[in-house]
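Worksheet: the structure to be examined is printed underneath.
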Amino acid sequence: MLFSLVIPVYNRPDEVAELLESLTLQTAKDFEVIIVEDGSAVTCEDVVRTYADRLSVAYYRIPNGGPGQARNYGATKASGEYLIVLDSDCILPPGYVQAVSEELSRTDADAFGGPDRASARFTNVQKAINYSMTSFFTTGGIRGGRKKLDRFYPRSYNMGIRRKVYEELGGFSKMRFGEDIDFSIRIYEAGYRVCLFPSAWVYHKRRTDWKKFYRQVYNSGIARINLYRKYPHSLKAVHLLPAAFTLGVFCLLCGSFFCVWSLLPILLYAVLVCVDAALRNKNLWIGLLAVIASFIQLTGYGCGFLSGVWNRIILGREAFSAFEKTFYK
């Protein structure tokens with residue numbers, strides 16, 4: 001067995017069905033699927049059972065401990081040479097496993113990751129959120145990879161690692177946010193070869209509404225400071241951009257009470273995002289929604305980042321996280 005696909009799940013049986021269906025269509029078949037139910041109230045056990053005759057799939061239930069710990073549990077049940085970690089809200093194109101296999105043959109990477117895209121079947125809001133998470137004009141520009149501003153760090157929605165390396169490094173930490181970046185940093189520091197696999201992309205739904213999206217990016221901002229406390233060298237100047245953007249927007253909005261022209265930079269940025277997103281998606285409405293998504297993405301991350309600075313650096317608290325009880329929602 002070459003690949004073990006490890007998928008943590010929390011109250012998402014419908015999404016698991018879509019993911020498993022996409023796995024039945026893979027052109028390469030040398031993989032097993034390990035589903036780890038992380039304390040869900042609404043389980044996907046019945047869904048998994050319907051695919052037992054079409055996939056090599058195993059199902060486990062554990063008490064809720066967060067996605068990182070669920071992945072670690074799944075890794076103990078894996079038999080593949082490589083572990084591929086996926087989120088339950090992903091859908092794989094038919095050539096995904098084949099693409100990973102070909103990229104590994106070319107690079108012999110110890111760890112790897114791939115991009116994400118929006119499917120034509122996604123809602124317009126999901127497409128707008130996907131734009132904001134992948135665009136160079138938002139924090140997509142600091143997520144790493146080709147034409148990005150920072151080193152590429154594999155993310156847990158589409159992340160692979162040689163199993164012996166995973167075991168040597170102890171898998172994911174107990175961080176509930178930023179645990180994938182934490183793991184990627186440790187992989188780099190251990191001297192292993194990490195590669196971006198451009199052809200091994202996935203469809204990634206991400207969050208489905210603005211409130212959930214804000215929670216996600218706010219927590220990501222906090223996670224960046226938590227990572228800084230563990231790895232001071234990991235914080236780069238580009239990571240300050242969302243916080244600078246947030247403070248800049250606040251100052252410009254305050255300034256508009258005295259001079260309406262203070263709103264011009266905000267308007268120009270909104271037009272830039274709208275045009276770019278509309279052209280990329282060939283849909284003006286998605287372009288307009290992308291403006292909302294981009295402002296939520298940057299200011300949400302920026303507010304989380306600033307909250308982390310206040311609590312962890314200025315007040316010196318040893319641990320700080322937000323929305324921990326609603327992590328998956």
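All residue names refer to the structure tokens as shown: chains lettered A, B, ... in order, residues numbered from 1 in each chain, ligands numbered from 1 in order.
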**Study point:** Backbone-only DSSP, strand (DSSP E or B) members of stretch 8-225 of chain A, as a PyMOL selection string
**Key:** chain A and resi 8-9+31-38+57-62+82-86+90-91+111-113+116-117+158-162+194-196+202-204
Restrict the selected residues to N, CA and C atoms and save them as a short mmCIF file (atom, residue, chain, number, x, y, z; two decimals), in the first residue's frame.
```cif
data_model
loop_
_atom_site.label_atom_id
_atom_site.label_comp_id
_atom_site.auth_asym_id
_atom_site.auth_seq_id
_atom_site.Cartn_x
_atom_site.Cartn_y
_atom_site.Cartn_z
N PRO A 8 -9.98 13.41 9.36
CA PRO A 8 -10.75 13.65 10.58
C PRO A 8 -12.12 14.24 10.23
N VAL A 9 -13.12 13.88 10.99
CA VAL A 9 -14.49 14.33 10.68
C VAL A 9 -15.18 14.78 11.95
N PHE A 31 -4.35 3.00 -2.64
CA PHE A 31 -4.52 3.79 -1.42
C PHE A 31 -5.61 3.17 -0.54
N GLU A 32 -5.52 3.49 0.74
CA GLU A 32 -6.56 3.15 1.70
C GLU A 32 -7.09 4.44 2.31
N VAL A 33 -8.29 4.37 2.87
CA VAL A 33 -8.92 5.55 3.45
C VAL A 33 -9.19 5.27 4.93
N ILE A 34 -8.78 6.21 5.78
CA ILE A 34 -9.00 6.07 7.22
C ILE A 34 -9.81 7.27 7.70
N ILE A 35 -11.04 7.01 8.10
CA ILE A 35 -11.93 8.04 8.60
C ILE A 35 -11.89 8.01 10.13
N VAL A 36 -11.63 9.16 10.75
CA VAL A 36 -11.59 9.25 12.21
C VAL A 36 -12.67 10.23 12.66
N GLU A 37 -13.71 9.70 13.28
CA GLU A 37 -14.82 10.51 13.79
C GLU A 37 -14.39 11.11 15.13
N ASP A 38 -14.26 12.44 15.16
CA ASP A 38 -13.68 13.13 16.31
C ASP A 38 -14.77 13.62 17.27
N VAL A 57 -11.67 1.17 3.03
CA VAL A 57 -11.94 2.24 3.98
C VAL A 57 -12.17 1.68 5.38
N ALA A 58 -11.57 2.34 6.37
CA ALA A 58 -11.73 1.96 7.78
C ALA A 58 -12.31 3.15 8.52
N TYR A 59 -13.12 2.86 9.54
CA TYR A 59 -13.82 3.90 10.29
C TYR A 59 -13.54 3.72 11.78
N TYR A 60 -13.18 4.85 12.43
CA TYR A 60 -12.90 4.82 13.88
C TYR A 60 -13.59 6.00 14.54
N ARG A 61 -14.01 5.80 15.80
CA ARG A 61 -14.58 6.88 16.60
C ARG A 61 -13.72 7.10 17.83
N ILE A 62 -13.43 8.37 18.12
CA ILE A 62 -12.64 8.72 19.29
C ILE A 62 -13.29 9.91 19.98
N TYR A 82 3.17 6.51 2.58
CA TYR A 82 2.93 7.94 2.76
C TYR A 82 1.55 8.15 3.37
N LEU A 83 1.46 9.15 4.23
CA LEU A 83 0.18 9.58 4.77
C LEU A 83 -0.25 10.84 4.04
N ILE A 84 -1.49 10.87 3.60
CA ILE A 84 -2.05 12.07 2.99
C ILE A 84 -3.19 12.53 3.88
N VAL A 85 -3.05 13.73 4.42
CA VAL A 85 -4.05 14.30 5.32
C VAL A 85 -4.97 15.20 4.51
N LEU A 86 -6.27 14.96 4.65
CA LEU A 86 -7.28 15.76 3.95
C LEU A 86 -8.33 16.25 4.93
N CYS A 90 -13.22 18.51 1.55
CA CYS A 90 -12.52 18.49 0.26
C CYS A 90 -13.17 17.50 -0.69
N ILE A 91 -13.01 17.75 -1.97
CA ILE A 91 -13.39 16.83 -3.03
C ILE A 91 -12.19 16.70 -3.96
N ALA A 111 7.85 15.38 2.42
CA ALA A 111 6.56 15.99 2.76
C ALA A 111 6.15 16.88 1.60
N PHE A 112 4.86 17.06 1.45
CA PHE A 112 4.38 17.81 0.30
C PHE A 112 2.98 18.34 0.56
N GLY A 113 2.55 19.22 -0.31
CA GLY A 113 1.20 19.75 -0.25
C GLY A 113 0.82 20.26 -1.61
N ASP A 116 -5.50 24.48 -3.66
CA ASP A 116 -6.93 24.20 -3.63
C ASP A 116 -7.65 25.11 -4.60
N ARG A 117 -8.81 24.67 -5.03
CA ARG A 117 -9.62 25.42 -5.98
C ARG A 117 -11.09 25.38 -5.57
N ASN A 158 -4.64 19.46 2.50
CA ASN A 158 -4.03 18.75 1.37
C ASN A 158 -2.54 18.62 1.66
N MET A 159 -2.20 17.68 2.51
CA MET A 159 -0.84 17.58 3.04
C MET A 159 -0.40 16.12 3.07
N GLY A 160 0.79 15.85 2.61
CA GLY A 160 1.30 14.48 2.63
C GLY A 160 2.67 14.42 3.28
N ILE A 161 2.98 13.27 3.86
CA ILE A 161 4.27 13.09 4.51
C ILE A 161 4.62 11.61 4.55
N ARG A 162 5.89 11.32 4.37
CA ARG A 162 6.36 9.96 4.47
C ARG A 162 6.06 9.44 5.89
N VAL A 194 10.76 19.23 1.48
CA VAL A 194 9.35 19.61 1.39
C VAL A 194 9.10 20.23 0.02
N CYS A 195 8.04 19.79 -0.66
CA CYS A 195 7.77 20.27 -2.01
C CYS A 195 6.31 20.66 -2.18
N LEU A 196 6.10 21.65 -3.04
CA LEU A 196 4.76 21.98 -3.51
C LEU A 196 4.48 21.15 -4.75
N VAL A 202 -6.89 20.11 -4.91
CA VAL A 202 -8.19 19.61 -4.44
C VAL A 202 -9.22 20.74 -4.51
N TYR A 203 -10.48 20.36 -4.58
CA TYR A 203 -11.56 21.31 -4.36
C TYR A 203 -11.77 21.42 -2.86
N HIS A 204 -11.77 22.64 -2.33
CA HIS A 204 -11.87 22.84 -0.89
C HIS A 204 -13.02 23.80 -0.60
#
```
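Every protein or nucleic acid residue with an atom no more than 10 Å from A:Tyr228, counting only C-alpha atoms and leaving out same-chain residues fewer than 5 positions away, appears here: Asp182, Ile222, Ala223, His233, Ser234, Leu235, Lys236, Val309, Arg312 and Ile313 of chain A.
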I need the residues from that last selection saved to file as a PDB file, in the first residue's frame (with N, CA, C and O atoms), if you can.
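Below is the file that was written, again-v3.pdb:
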```pdb
ATOM      1  N   ASP A 182       2.654  24.421  12.406  1.00  0.00           N
ATOM      2  CA  ASP A 182       3.580  23.942  13.436  1.00  0.00           C
ATOM      3  C   ASP A 182       4.293  22.675  12.971  1.00  0.00           C
ATOM      4  O   ASP A 182       5.518  22.547  13.098  1.00  0.00           O
ATOM      5  N   ILE A 222      -4.653  34.504  15.554  1.00  0.00           N
ATOM      6  CA  ILE A 222      -4.149  34.145  16.881  1.00  0.00           C
ATOM      7  C   ILE A 222      -3.071  33.069  16.758  1.00  0.00           C
ATOM      8  O   ILE A 222      -2.037  33.118  17.424  1.00  0.00           O
ATOM      9  N   ALA A 223      -3.330  32.088  15.886  1.00  0.00           N
ATOM     10  CA  ALA A 223      -2.386  30.984  15.721  1.00  0.00           C
ATOM     11  C   ALA A 223      -1.017  31.480  15.272  1.00  0.00           C
ATOM     12  O   ALA A 223       0.010  30.921  15.667  1.00  0.00           O
ATOM     13  N   HIS A 233      11.535  32.709  14.880  1.00  0.00           N
ATOM     14  CA  HIS A 233      12.019  32.953  13.520  1.00  0.00           C
ATOM     15  C   HIS A 233      10.930  32.782  12.467  1.00  0.00           C
ATOM     16  O   HIS A 233      11.111  33.179  11.310  1.00  0.00           O
ATOM     17  N   SER A 234       9.787  32.188  12.842  1.00  0.00           N
ATOM     18  CA  SER A 234       8.741  31.912  11.859  1.00  0.00           C
ATOM     19  C   SER A 234       7.943  33.151  11.484  1.00  0.00           C
ATOM     20  O   SER A 234       7.244  33.161  10.467  1.00  0.00           O
ATOM     21  N   LEU A 235       8.007  34.194  12.288  1.00  0.00           N
ATOM     22  CA  LEU A 235       7.243  35.407  12.017  1.00  0.00           C
ATOM     23  C   LEU A 235       8.037  36.303  11.071  1.00  0.00           C
ATOM     24  O   LEU A 235       9.128  36.762  11.387  1.00  0.00           O
ATOM     25  N   LYS A 236       7.467  36.545   9.906  1.00  0.00           N
ATOM     26  CA  LYS A 236       8.104  37.387   8.899  1.00  0.00           C
ATOM     27  C   LYS A 236       7.349  38.704   8.762  1.00  0.00           C
ATOM     28  O   LYS A 236       6.209  38.846   9.209  1.00  0.00           O
ATOM     29  N   VAL A 309      -1.232  39.361  19.925  1.00  0.00           N
ATOM     30  CA  VAL A 309      -0.137  40.214  20.387  1.00  0.00           C
ATOM     31  C   VAL A 309      -0.441  40.749  21.789  1.00  0.00           C
ATOM     32  O   VAL A 309       0.420  40.726  22.688  1.00  0.00           O
ATOM     33  N   ARG A 312      -0.699  37.449  24.366  1.00  0.00           N
ATOM     34  CA  ARG A 312       0.463  36.571  24.524  1.00  0.00           C
ATOM     35  C   ARG A 312       1.765  37.334  24.688  1.00  0.00           C
ATOM     36  O   ARG A 312       2.664  36.866  25.391  1.00  0.00           O
ATOM     37  N   ILE A 313       1.892  38.480  24.035  1.00  0.00           N
ATOM     38  CA  ILE A 313       3.161  39.208  24.085  1.00  0.00           C
ATOM     39  C   ILE A 313       3.124  40.332  25.118  1.00  0.00           C
ATOM     40  O   ILE A 313       3.996  40.416  25.981  1.00  0.00           O
TER      41      ILE A 313
END
```
Exercise for review: Please identify all polymer residues within 12 Å of stretch 241-256 of chain A, counting only C-alpha atoms, omitting same-chain residues fewer than 3 positions from it, and present them as a ChimeraX atom specification.
Suggested key: /A:137-142,149,217-218,220-222,224-225,235-238,259-267,269-270,294-309
Point to revise | DSSP alpha helix (DSSP H) selection over stretch 23-123 of chain A, as an MDAnalysis selection string | key: chainID A and resid 23:24 45:49 67:76 96:107
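What separates atom CA of A:Glu168 from atom CA of A:Arg151 is a distance of 22.9 Å.
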Practice item. Tell me, as number ranges by chain, which residues lie within 12 Å of A:Ser105, counting only C-alpha atoms; anything in the same chain fewer than 6 positions away does not count. Key: A: 98-99, 197
List every residue of stretch 119-179 of chain A that has an atom at most 9 Å from any atom of stretch 74-78 of chain A, giving for each one its closest atom pair and the distance in Å to one decimal, counting only C-alpha atoms, sorted by chain and then by ascending residue number, as CSV.
```
residue,atom,partner,partner_atom,distance
A:Arg163,CA,A:Ala75,CA,8.0
A:Tyr166,CA,A:Ala75,CA,8.4
A:Glu167,CA,A:Ala75,CA,8.4
A:Gly171,CA,A:Ala75,CA,8.3
```
